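entry-v5.cif, holding mmCIF, C-alpha atoms:
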```
data_start
loop_
_atom_site.group_PDB
_atom_site.id
_atom_site.type_symbol
_atom_site.label_atom_id
_atom_site.label_comp_id
_atom_site.auth_asym_id
_atom_site.auth_seq_id
_atom_site.Cartn_x
_atom_site.Cartn_y
_atom_site.Cartn_z
ATOM 1 C CA MET A 1 0.000 0.000 0.000
ATOM 2 C CA GLN A 2 1.329 3.392 -1.042
ATOM 3 C CA LEU A 3 1.121 6.376 1.246
ATOM 4 C CA ARG A 4 -0.312 9.443 -0.514
ATOM 5 C CA ILE A 5 0.807 12.810 0.717
ATOM 6 C CA ASN A 6 -1.345 15.800 -0.121
ATOM 7 C CA ARG A 7 0.782 18.654 -1.291
ATOM 8 C CA VAL A 8 -0.349 22.149 -1.963
ATOM 9 C CA ILE A 9 0.847 23.288 -5.330
ATOM 10 C CA ASP A 10 1.929 26.898 -5.243
ATOM 11 C CA SER A 11 0.055 28.755 -7.962
ATOM 12 C CA ASN A 12 2.690 31.512 -7.852
ATOM 13 C CA PRO A 13 6.001 29.708 -7.670
ATOM 14 C CA GLN A 14 9.028 31.751 -6.740
ATOM 15 C CA THR A 15 11.023 32.752 -9.754
ATOM 16 C CA THR A 16 14.099 34.792 -10.353
ATOM 17 C CA GLN A 17 12.577 36.379 -13.439
ATOM 18 C CA TYR A 18 10.662 39.580 -12.921
ATOM 19 C CA ARG A 19 7.931 40.926 -15.187
ATOM 20 C CA ILE A 20 10.225 43.688 -16.388
ATOM 21 C CA ASP A 21 12.692 41.042 -17.592
ATOM 22 C CA ALA A 22 9.979 39.323 -19.609
ATOM 23 C CA LEU A 23 8.875 42.675 -21.007
ATOM 24 C CA SER A 24 12.405 43.506 -22.108
ATOM 25 C CA ASP A 25 12.340 40.517 -24.460
ATOM 26 C CA LEU A 26 9.371 41.914 -26.385
ATOM 27 C CA PRO A 27 10.242 44.068 -29.398
ATOM 28 C CA LEU A 28 8.865 47.599 -29.745
ATOM 29 C CA GLU A 29 8.402 48.864 -33.291
ATOM 30 C CA PRO A 30 9.373 52.449 -34.164
ATOM 31 C CA LEU A 31 5.772 53.526 -34.818
ATOM 32 C CA GLU A 32 4.697 52.163 -31.440
ATOM 33 C CA TYR A 33 7.528 54.038 -29.742
ATOM 34 C CA CYS A 34 6.448 57.256 -31.432
ATOM 35 C CA GLN A 35 2.824 56.755 -30.397
ATOM 36 C CA ARG A 36 3.960 56.496 -26.776
ATOM 37 C CA TRP A 37 6.561 59.249 -26.597
ATOM 38 C CA VAL A 38 5.959 61.861 -29.296
ATOM 39 C CA GLU A 39 3.590 64.411 -27.827
ATOM 40 C CA MET A 40 1.772 65.149 -31.059
ATOM 41 C CA SER A 41 -1.056 63.540 -32.949
ATOM 42 C CA SER A 42 0.047 61.419 -35.882
ATOM 43 C CA GLU A 43 -2.272 63.584 -37.993
ATOM 44 C CA GLU A 44 -0.433 66.813 -37.160
ATOM 45 C CA ARG A 45 2.002 68.446 -39.515
ATOM 46 C CA GLY A 46 5.571 67.716 -38.426
ATOM 47 C CA TYR A 47 4.733 64.461 -36.676
ATOM 48 C CA ARG A 48 7.082 62.353 -38.806
ATOM 49 C CA LYS A 49 9.941 64.784 -38.195
ATOM 50 C CA ALA A 50 9.267 64.718 -34.440
ATOM 51 C CA CYS A 51 9.076 60.928 -34.565
ATOM 52 C CA ILE A 52 12.411 60.665 -36.363
ATOM 53 C CA ALA A 53 13.982 63.005 -33.796
ATOM 54 C CA ALA A 54 12.632 60.887 -30.916
ATOM 55 C CA LEU A 55 13.901 57.682 -32.541
ATOM 56 C CA ALA A 56 17.310 59.256 -33.119
ATOM 57 C CA GLU A 57 17.522 60.294 -29.476
ATOM 58 C CA ALA A 58 16.484 56.830 -28.270
ATOM 59 C CA THR A 59 18.808 54.854 -30.543
ATOM 60 C CA GLY A 60 21.792 57.169 -30.929
ATOM 61 C CA LEU A 61 21.472 56.909 -34.714
ATOM 62 C CA SER A 62 21.334 59.893 -37.045
ATOM 63 C CA GLU A 63 18.017 61.336 -38.163
ATOM 64 C CA ARG A 64 19.103 60.798 -41.754
ATOM 65 C CA THR A 65 19.644 57.087 -41.146
ATOM 66 C CA ILE A 66 16.239 56.733 -39.521
ATOM 67 C CA GLY A 67 14.583 58.700 -42.315
ATOM 68 C CA ASN A 68 15.933 56.117 -44.764
ATOM 69 C CA TRP A 69 14.027 53.274 -43.065
ATOM 70 C CA GLY A 70 10.905 53.982 -45.110
ATOM 71 C CA GLN A 71 7.630 55.785 -44.551
ATOM 72 C CA ASN A 72 6.543 53.422 -41.753
ATOM 73 C CA PHE A 73 10.101 52.447 -40.741
ATOM 74 C CA GLU A 74 9.628 49.028 -42.302
ATOM 75 C CA ARG A 75 13.322 48.814 -43.313
ATOM 76 C CA ARG A 76 14.621 49.303 -39.776
ATOM 77 C CA PRO A 77 17.383 46.965 -38.567
ATOM 78 C CA ASN A 78 16.217 44.122 -36.315
ATOM 79 C CA TYR A 79 18.255 45.279 -33.309
ATOM 80 C CA VAL A 80 16.398 48.609 -33.168
ATOM 81 C CA VAL A 81 13.209 47.072 -31.756
ATOM 82 C CA HIS A 82 15.151 45.910 -28.694
ATOM 83 C CA ILE A 83 16.835 49.277 -28.171
ATOM 84 C CA LEU A 84 13.431 50.953 -28.394
ATOM 85 C CA ARG A 85 11.975 48.576 -25.784
ATOM 86 C CA MET A 86 14.797 49.472 -23.401
ATOM 87 C CA ALA A 87 14.348 53.181 -24.101
ATOM 88 C CA ASP A 88 10.607 52.813 -23.506
ATOM 89 C CA MET A 89 11.193 51.163 -20.126
ATOM 90 C CA LEU A 90 13.677 53.876 -19.122
ATOM 91 C CA ASN A 91 11.210 56.581 -20.151
ATOM 92 C CA GLN A 92 8.517 54.948 -18.028
ATOM 93 C CA ILE A 93 10.855 54.782 -15.024
ATOM 94 C CA ARG A 94 11.821 58.427 -15.478
ATOM 95 C CA LYS A 95 8.182 59.414 -15.674
ATOM 96 C CA ILE A 96 7.367 57.603 -12.436
ATOM 97 C CA VAL A 97 10.501 58.172 -10.364
ATOM 98 C CA LEU A 98 12.145 61.449 -11.323
ATOM 99 C CA PRO A 99 10.635 64.799 -10.373
ATOM 100 C CA PRO A 100 9.748 67.123 -13.289
ATOM 101 C CA ASP A 101 12.498 69.590 -12.312
ATOM 102 C CA TYR A 102 15.231 66.933 -12.325
ATOM 103 C CA PRO A 103 18.281 68.181 -14.255
ATOM 104 C CA GLN A 104 18.462 66.910 -17.816
ATOM 105 C CA LYS A 105 22.265 66.932 -17.980
#
```
Serialized structure, structure tokens:
Amino acid sequence: MQLRINRVIDSNPQTTQYRIDALSDLPLEPLEYCQRWVEMSSEERGYRKACIAALAEATGLSERTIGNWGQNFERRPNYVVHILRMADMLNQIRKIVLPPDYPQK
């Protein structure tokens, strides 16, 4: 006769991976980044230019390079979507943690 032991299965097992780590693996397309961080409507004149400037700031690439990715940035390099996810997470942290008068430099 076997002895059965009732064990409670933890529905939330301890893990070393945090949600932010899982989020960092998800790509963020350039248009999505612009929708989140460019403070203009996509219908407004100058939106694309503002979007390119924001992408250049986030990636460290030149505005000219980004402008050459196509109208909807469809020719962007694959690594860019990961840089933009990291930049997005940093922007969110800044928005939550840093006071509005925090020095920019």
**Message:** Would you compute the distance between CA of Val97 (chain A) and CA of Arg85 (chain A)? Give it in Å to one decimal.
**Reply:**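 Result for CA of Val97 (chain A) versus CA of Arg85 (chain A): 18.2 Å, one decimal.
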Give me the result of the PyMOL selection byres ((chain A and resi 91) around 12) on this file, residue by residue, as a short mmCIF file (atom, residue, chain, number, x, y, z; two decimals) with C-alpha atoms, keeping the file's coordinate frame.
```
data_model
loop_
_atom_site.label_atom_id
_atom_site.label_comp_id
_atom_site.auth_asym_id
_atom_site.auth_seq_id
_atom_site.Cartn_x
_atom_site.Cartn_y
_atom_site.Cartn_z
CA TYR A 33 7.53 54.04 -29.74
CA ARG A 36 3.96 56.50 -26.78
CA TRP A 37 6.56 59.25 -26.60
CA VAL A 38 5.96 61.86 -29.30
CA ALA A 54 12.63 60.89 -30.92
CA GLU A 57 17.52 60.29 -29.48
CA ALA A 58 16.48 56.83 -28.27
CA LEU A 84 13.43 50.95 -28.39
CA ARG A 85 11.98 48.58 -25.78
CA MET A 86 14.80 49.47 -23.40
CA ALA A 87 14.35 53.18 -24.10
CA ASP A 88 10.61 52.81 -23.51
CA MET A 89 11.19 51.16 -20.13
CA LEU A 90 13.68 53.88 -19.12
CA GLN A 92 8.52 54.95 -18.03
CA ILE A 93 10.86 54.78 -15.02
CA ARG A 94 11.82 58.43 -15.48
CA LYS A 95 8.18 59.41 -15.67
CA ILE A 96 7.37 57.60 -12.44
CA VAL A 97 10.50 58.17 -10.36
CA LEU A 98 12.14 61.45 -11.32
#
```
**Prompt:** So which residues touch region 64-67 of chain A within 10 Å, counting all atoms listed in the file, skipping near sequence neighbours fewer than 4 positions away, as number ranges by chain?
**Reply:** A: 30, 48-49, 51-53, 55-56, 59, 71-73, 75-77
**Request:** Measure the distance from CA of Asp25 (chain A) to CA of Val81 (chain A) in Å and round it to one decimal.
**Result:** 9.8 Å
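CA of Ser41 (chain A) lies 24.3 Å from CA of His82 (chain A).
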**Prompt:** Which is closest to Tyr47 (chain A) among A:Asn78, A:Glu63, A:Pro99, A:Cys34, if we use all atoms listed in the file?
**Reply:**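 Result for the nearest residue to Tyr47 (chain A): A:Cys34.
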**Asked** In terms of the shortest atom-to-atom distance over all atoms listed in the file, which of A:Glu39, A:Tyr79, A:Asp101, A:Gly60 is closest to Pro27 (chain A)?
**Response**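 Going through A:Glu39, A:Tyr79, A:Asp101, A:Gly60 one by one, the smallest distance to Pro27 (chain A) is for A:Tyr79.
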Taking the partial coordinates given, rebuild region 46-57 of chain A to contain all heavy atoms; return it as an mmCIF file, in the coordinates of the input.
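Contents of part12.cif, freshly written:
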```
data_model
loop_
_atom_site.group_PDB
_atom_site.id
_atom_site.type_symbol
_atom_site.label_atom_id
_atom_site.label_comp_id
_atom_site.auth_asym_id
_atom_site.auth_seq_id
_atom_site.Cartn_x
_atom_site.Cartn_y
_atom_site.Cartn_z
ATOM 1 N N GLY A 46 4.304 67.791 -39.143
ATOM 2 C CA GLY A 46 5.571 67.716 -38.426
ATOM 3 C C GLY A 46 5.708 66.497 -37.534
ATOM 4 O O GLY A 46 6.725 66.329 -36.866
ATOM 5 N N TYR A 47 4.681 65.652 -37.533
ATOM 6 C CA TYR A 47 4.733 64.461 -36.676
ATOM 7 C C TYR A 47 5.878 63.527 -37.075
ATOM 8 O O TYR A 47 6.618 63.062 -36.223
ATOM 9 C CB TYR A 47 3.408 63.698 -36.717
ATOM 10 C CG TYR A 47 3.434 62.419 -35.903
ATOM 11 C CD1 TYR A 47 3.303 62.462 -34.523
ATOM 12 C CD2 TYR A 47 3.593 61.177 -36.516
ATOM 13 C CE1 TYR A 47 3.325 61.298 -33.763
ATOM 14 C CE2 TYR A 47 3.615 60.011 -35.766
ATOM 15 C CZ TYR A 47 3.483 60.079 -34.391
ATOM 16 O OH TYR A 47 3.517 58.932 -33.653
ATOM 17 N N ARG A 48 6.023 63.270 -38.361
ATOM 18 C CA ARG A 48 7.082 62.353 -38.806
ATOM 19 C C ARG A 48 8.450 62.879 -38.402
ATOM 20 O O ARG A 48 9.297 62.133 -37.922
ATOM 21 C CB ARG A 48 7.010 62.113 -40.315
ATOM 22 C CG ARG A 48 8.102 61.152 -40.798
ATOM 23 C CD ARG A 48 7.903 60.731 -42.242
ATOM 24 N NE ARG A 48 9.091 60.116 -42.793
ATOM 25 C CZ ARG A 48 9.522 58.897 -42.534
ATOM 26 N NH1 ARG A 48 8.845 58.119 -41.715
ATOM 27 N NH2 ARG A 48 10.626 58.418 -43.092
ATOM 28 N N LYS A 49 8.653 64.181 -38.563
ATOM 29 C CA LYS A 49 9.941 64.784 -38.195
ATOM 30 C C LYS A 49 10.181 64.636 -36.691
ATOM 31 O O LYS A 49 11.284 64.301 -36.259
ATOM 32 C CB LYS A 49 9.969 66.254 -38.597
ATOM 33 C CG LYS A 49 11.292 66.909 -38.353
ATOM 34 C CD LYS A 49 11.310 68.332 -38.868
ATOM 35 C CE LYS A 49 12.676 68.949 -38.621
ATOM 36 N NZ LYS A 49 12.773 70.296 -39.158
ATOM 37 N N ALA A 50 9.147 64.873 -35.888
ATOM 38 C CA ALA A 50 9.267 64.718 -34.440
ATOM 39 C C ALA A 50 9.522 63.259 -34.074
ATOM 40 O O ALA A 50 10.299 62.959 -33.154
ATOM 41 C CB ALA A 50 8.010 65.233 -33.753
ATOM 42 N N CYS A 51 8.889 62.359 -34.788
ATOM 43 C CA CYS A 51 9.076 60.928 -34.565
ATOM 44 C C CYS A 51 10.513 60.521 -34.876
ATOM 45 O O CYS A 51 11.154 59.828 -34.086
ATOM 46 C CB CYS A 51 8.086 60.145 -35.424
ATOM 47 S SG CYS A 51 8.132 58.366 -35.163
ATOM 48 N N ILE A 52 11.029 60.973 -35.980
ATOM 49 C CA ILE A 52 12.411 60.665 -36.363
ATOM 50 C C ILE A 52 13.377 61.209 -35.317
ATOM 51 O O ILE A 52 14.335 60.542 -34.931
ATOM 52 C CB ILE A 52 12.720 61.206 -37.778
ATOM 53 C CG1 ILE A 52 11.987 60.349 -38.815
ATOM 54 C CG2 ILE A 52 14.216 61.215 -38.046
ATOM 55 C CD1 ILE A 52 12.059 60.879 -40.239
ATOM 56 N N ALA A 53 13.122 62.417 -34.829
ATOM 57 C CA ALA A 53 13.982 63.005 -33.796
ATOM 58 C C ALA A 53 13.947 62.174 -32.513
ATOM 59 O O ALA A 53 14.982 61.928 -31.885
ATOM 60 C CB ALA A 53 13.555 64.445 -33.519
ATOM 61 N N ALA A 54 12.759 61.716 -32.120
ATOM 62 C CA ALA A 54 12.632 60.887 -30.916
ATOM 63 C C ALA A 54 13.347 59.548 -31.092
ATOM 64 O O ALA A 54 14.014 59.063 -30.169
ATOM 65 C CB ALA A 54 11.160 60.664 -30.587
ATOM 66 N N LEU A 55 13.224 58.952 -32.265
ATOM 67 C CA LEU A 55 13.901 57.682 -32.541
ATOM 68 C C LEU A 55 15.418 57.859 -32.552
ATOM 69 O O LEU A 55 16.153 57.004 -32.060
ATOM 70 C CB LEU A 55 13.415 57.095 -33.865
ATOM 71 C CG LEU A 55 11.960 56.635 -33.891
ATOM 72 C CD1 LEU A 55 11.534 56.294 -35.317
ATOM 73 C CD2 LEU A 55 11.737 55.456 -32.953
ATOM 74 N N ALA A 56 15.874 58.967 -33.098
ATOM 75 C CA ALA A 56 17.310 59.256 -33.119
ATOM 76 C C ALA A 56 17.848 59.414 -31.697
ATOM 77 O O ALA A 56 18.916 58.897 -31.358
ATOM 78 C CB ALA A 56 17.580 60.513 -33.943
ATOM 79 N N GLU A 57 17.102 60.114 -30.864
ATOM 80 C CA GLU A 57 17.522 60.294 -29.476
ATOM 81 C C GLU A 57 17.558 58.960 -28.732
ATOM 82 O O GLU A 57 18.478 58.683 -27.969
ATOM 83 C CB GLU A 57 16.578 61.254 -28.764
ATOM 84 C CG GLU A 57 17.001 61.572 -27.349
ATOM 85 C CD GLU A 57 16.082 62.556 -26.674
ATOM 86 O OE1 GLU A 57 15.287 63.226 -27.340
ATOM 87 O OE2 GLU A 57 16.159 62.642 -25.434
#
```
